[in-house]
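Below: the structure, in structure tokens.
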Amino acid sequence: MSTSRTNLAAVPGITVGHTTIEAHGTGCTVVLAPESGMRAAVCVRGRATGTRELDVLDPRHLVERIDAILFTGGSALGLGVADGVMRWLRDFRLARWAPSRSCPRQ
């Protein structure tokens, strides 16, 4: 198989970043959408899943596009990484939505 068919980072407009913190046994991967955003859906499986902000992807809600997807461990530290992603989106991408505040695009 060619790399372009097996590597998410090869999709035009998509940026992927990853870090692993071996000492803490955790890491995270962020998939950053193009400036125009991207459509998304979700299917949660398993019994002890830790999730954040997945309700916005419910088809009955008005969210049409998202700015990023974060994959991380389900510990409190892993879920806390989402705060940093949201801050980055607010500060550098002027995200359409952030918890407890409106961040309009310009």
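Chain labels run A, B, ... following the order of the structure tokens; each chain numbers its residues from 1, and ligands are numbered from 1 in the order shown.
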Exercise for the section: Would you return as a PyMOL selection string the members of stretch 7-105 of chain A that DSSP assigns to strand (DSSP E) on this structure's backbone? Expected result: chain A and resi 15-21+26-32+68-72
Could you save the residues just selected, with N, CA and C atoms, as a tab-separated table (two decimals), in the first residue's frame?
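This is the output file out_1.tsv:
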chain	number	residue	atom	x	y	z
A	15	THR	N	-3.60	18.18	9.49
A	15	THR	CA	-2.32	18.18	10.19
A	15	THR	C	-2.45	17.23	11.38
A	16	VAL	N	-1.46	16.38	11.57
A	16	VAL	CA	-1.49	15.42	12.68
A	16	VAL	C	-0.25	15.62	13.54
A	17	GLY	N	-0.45	15.68	14.84
A	17	GLY	CA	0.66	15.78	15.77
A	17	GLY	C	0.52	14.73	16.86
A	18	HIS	N	1.63	14.22	17.36
A	18	HIS	CA	1.60	13.19	18.40
A	18	HIS	C	2.76	13.38	19.36
A	19	THR	N	2.52	13.07	20.61
A	19	THR	CA	3.59	13.03	21.61
A	19	THR	C	3.32	11.87	22.57
A	20	THR	N	4.38	11.30	23.07
A	20	THR	CA	4.30	10.23	24.07
A	20	THR	C	5.16	10.64	25.25
A	21	ILE	N	4.61	10.49	26.43
A	21	ILE	CA	5.37	10.75	27.65
A	21	ILE	C	5.56	9.39	28.33
A	26	THR	N	1.67	7.72	29.02
A	26	THR	CA	0.55	8.36	28.34
A	26	THR	C	1.04	9.08	27.09
A	27	GLY	N	0.14	9.59	26.34
A	27	GLY	CA	0.45	10.35	25.14
A	27	GLY	C	-0.82	10.89	24.54
A	28	CYS	N	-0.69	11.62	23.45
A	28	CYS	CA	-1.88	12.12	22.78
A	28	CYS	C	-1.57	12.34	21.30
A	29	THR	N	-2.64	12.30	20.53
A	29	THR	CA	-2.59	12.58	19.10
A	29	THR	C	-3.67	13.60	18.80
A	30	VAL	N	-3.32	14.66	18.08
A	30	VAL	CA	-4.29	15.67	17.66
A	30	VAL	C	-4.36	15.67	16.14
A	31	VAL	N	-5.58	15.62	15.65
A	31	VAL	CA	-5.85	15.75	14.21
A	31	VAL	C	-6.47	17.12	14.02
A	32	LEU	N	-5.74	18.01	13.37
A	32	LEU	CA	-6.17	19.39	13.18
A	32	LEU	C	-6.81	19.53	11.80
A	68	ALA	N	-10.80	20.17	15.45
A	68	ALA	CA	-9.76	19.19	15.79
A	68	ALA	C	-10.37	17.97	16.46
A	69	ILE	N	-9.63	16.89	16.43
A	69	ILE	CA	-9.97	15.67	17.16
A	69	ILE	C	-8.75	15.34	18.02
A	70	LEU	N	-9.01	14.98	19.26
A	70	LEU	CA	-7.94	14.61	20.19
A	70	LEU	C	-8.13	13.16	20.62
A	71	PHE	N	-7.09	12.36	20.48
A	71	PHE	CA	-7.07	11.00	21.00
A	71	PHE	C	-6.06	10.98	22.14
A	72	THR	N	-6.49	10.53	23.31
A	72	THR	CA	-5.61	10.53	24.47
A	72	THR	C	-6.04	9.45	25.43
Exercise for the section: For A:Asp58, work out the shell of residues within 10 Å, counting only C-alpha atoms and skipping chain neighbours fewer than 3 positions away, then give it as a PyMOL selection string. Expected result: chain A and resi 40-42+54-55+61-63
Take the residues from that selection and put them in a file with N, CA and C atoms, as a PDB file, in the first residue's frame.
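Final output, saved to result-v4.pdb:
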ATOM      1  N   ALA A  40     -17.589  15.534  11.130  1.00  0.00           N
ATOM      2  CA  ALA A  40     -17.171  14.431  11.986  1.00  0.00           C
ATOM      3  C   ALA A  40     -18.384  13.679  12.513  1.00  0.00           C
ATOM      4  N   ALA A  41     -18.166  12.445  12.861  1.00  0.00           N
ATOM      5  CA  ALA A  41     -19.164  11.603  13.519  1.00  0.00           C
ATOM      6  C   ALA A  41     -18.411  10.757  14.532  1.00  0.00           C
ATOM      7  N   VAL A  42     -19.137  10.112  15.421  1.00  0.00           N
ATOM      8  CA  VAL A  42     -18.477   9.332  16.462  1.00  0.00           C
ATOM      9  C   VAL A  42     -19.271   8.060  16.758  1.00  0.00           C
ATOM     10  N   LEU A  54     -18.412  15.047  23.198  1.00  0.00           N
ATOM     11  CA  LEU A  54     -18.925  14.221  22.108  1.00  0.00           C
ATOM     12  C   LEU A  54     -20.371  14.539  21.766  1.00  0.00           C
ATOM     13  N   ASP A  55     -21.122  15.106  22.705  1.00  0.00           N
ATOM     14  CA  ASP A  55     -22.517  15.421  22.431  1.00  0.00           C
ATOM     15  C   ASP A  55     -22.688  16.389  21.266  1.00  0.00           C
ATOM     16  N   HIS A  61     -27.874  18.168  16.837  1.00  0.00           N
ATOM     17  CA  HIS A  61     -27.288  19.446  17.237  1.00  0.00           C
ATOM     18  C   HIS A  61     -26.849  20.242  16.015  1.00  0.00           C
ATOM     19  N   LEU A  62     -26.550  21.499  16.222  1.00  0.00           N
ATOM     20  CA  LEU A  62     -26.292  22.417  15.104  1.00  0.00           C
ATOM     21  C   LEU A  62     -24.836  22.498  14.667  1.00  0.00           C
ATOM     22  N   VAL A  63     -23.947  21.737  15.285  1.00  0.00           N
ATOM     23  CA  VAL A  63     -22.538  21.791  14.913  1.00  0.00           C
ATOM     24  C   VAL A  63     -22.355  21.116  13.557  1.00  0.00           C
TER      25      VAL A  63
END
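DSSP secondary structure from the backbone places Thr6, Leu8, Ala9, Ala10, Glu22, Ala23 and His24 of chain A of stretch 6-48 of chain A in helix (DSSP H, G or I).
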Exercise for the section: For A:Ser36, list every protein, DNA or RNA residue within 9 Å, evaluated using only C-alpha atoms, and leave out those in the same chain fewer than 3 positions away; present the list as a list in words. Expected result: Ala33, Arg65, Ile66 and Asp67 of chain A
Would you output that residue set with N, CA and C atoms, as a PDB file, in the first residue's frame?
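part-v3.pdb was written with the following content:
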ATOM      1  N   ALA A  33      -8.004  20.067  11.789  1.00  0.00           N
ATOM      2  CA  ALA A  33      -8.748  20.249  10.541  1.00  0.00           C
ATOM      3  C   ALA A  33      -8.193  21.422   9.753  1.00  0.00           C
ATOM      4  N   ARG A  65     -19.310  21.551  11.665  1.00  0.00           N
ATOM      5  CA  ARG A  65     -17.898  21.242  11.449  1.00  0.00           C
ATOM      6  C   ARG A  65     -17.151  21.339  12.770  1.00  0.00           C
ATOM      7  N   ILE A  66     -16.004  20.671  12.811  1.00  0.00           N
ATOM      8  CA  ILE A  66     -15.153  20.735  13.992  1.00  0.00           C
ATOM      9  C   ILE A  66     -13.767  21.235  13.578  1.00  0.00           C
ATOM     10  N   ASP A  67     -12.983  21.661  14.549  1.00  0.00           N
ATOM     11  CA  ASP A  67     -11.633  22.156  14.287  1.00  0.00           C
ATOM     12  C   ASP A  67     -10.560  21.109  14.523  1.00  0.00           C
TER      13      ASP A  67
END
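Between atom CA of A:Pro34 and atom CA of A:Arg87 there is a distance of 17.4 Å.
Closest to A:Leu89 among A:Gly37, A:Asn7, A:Gly25, A:Glu64 is A:Gly37, based on only C-alpha atoms.
Note that atom CA of A:Met38 and atom CA of A:Phe92 are 17.2 Å apart.
Each of A:Gly13, A:Leu8, A:Gly73, A:Val85 was compared to A:Thr49 using only C-alpha atoms, and A:Gly73 turns out to be the nearest.
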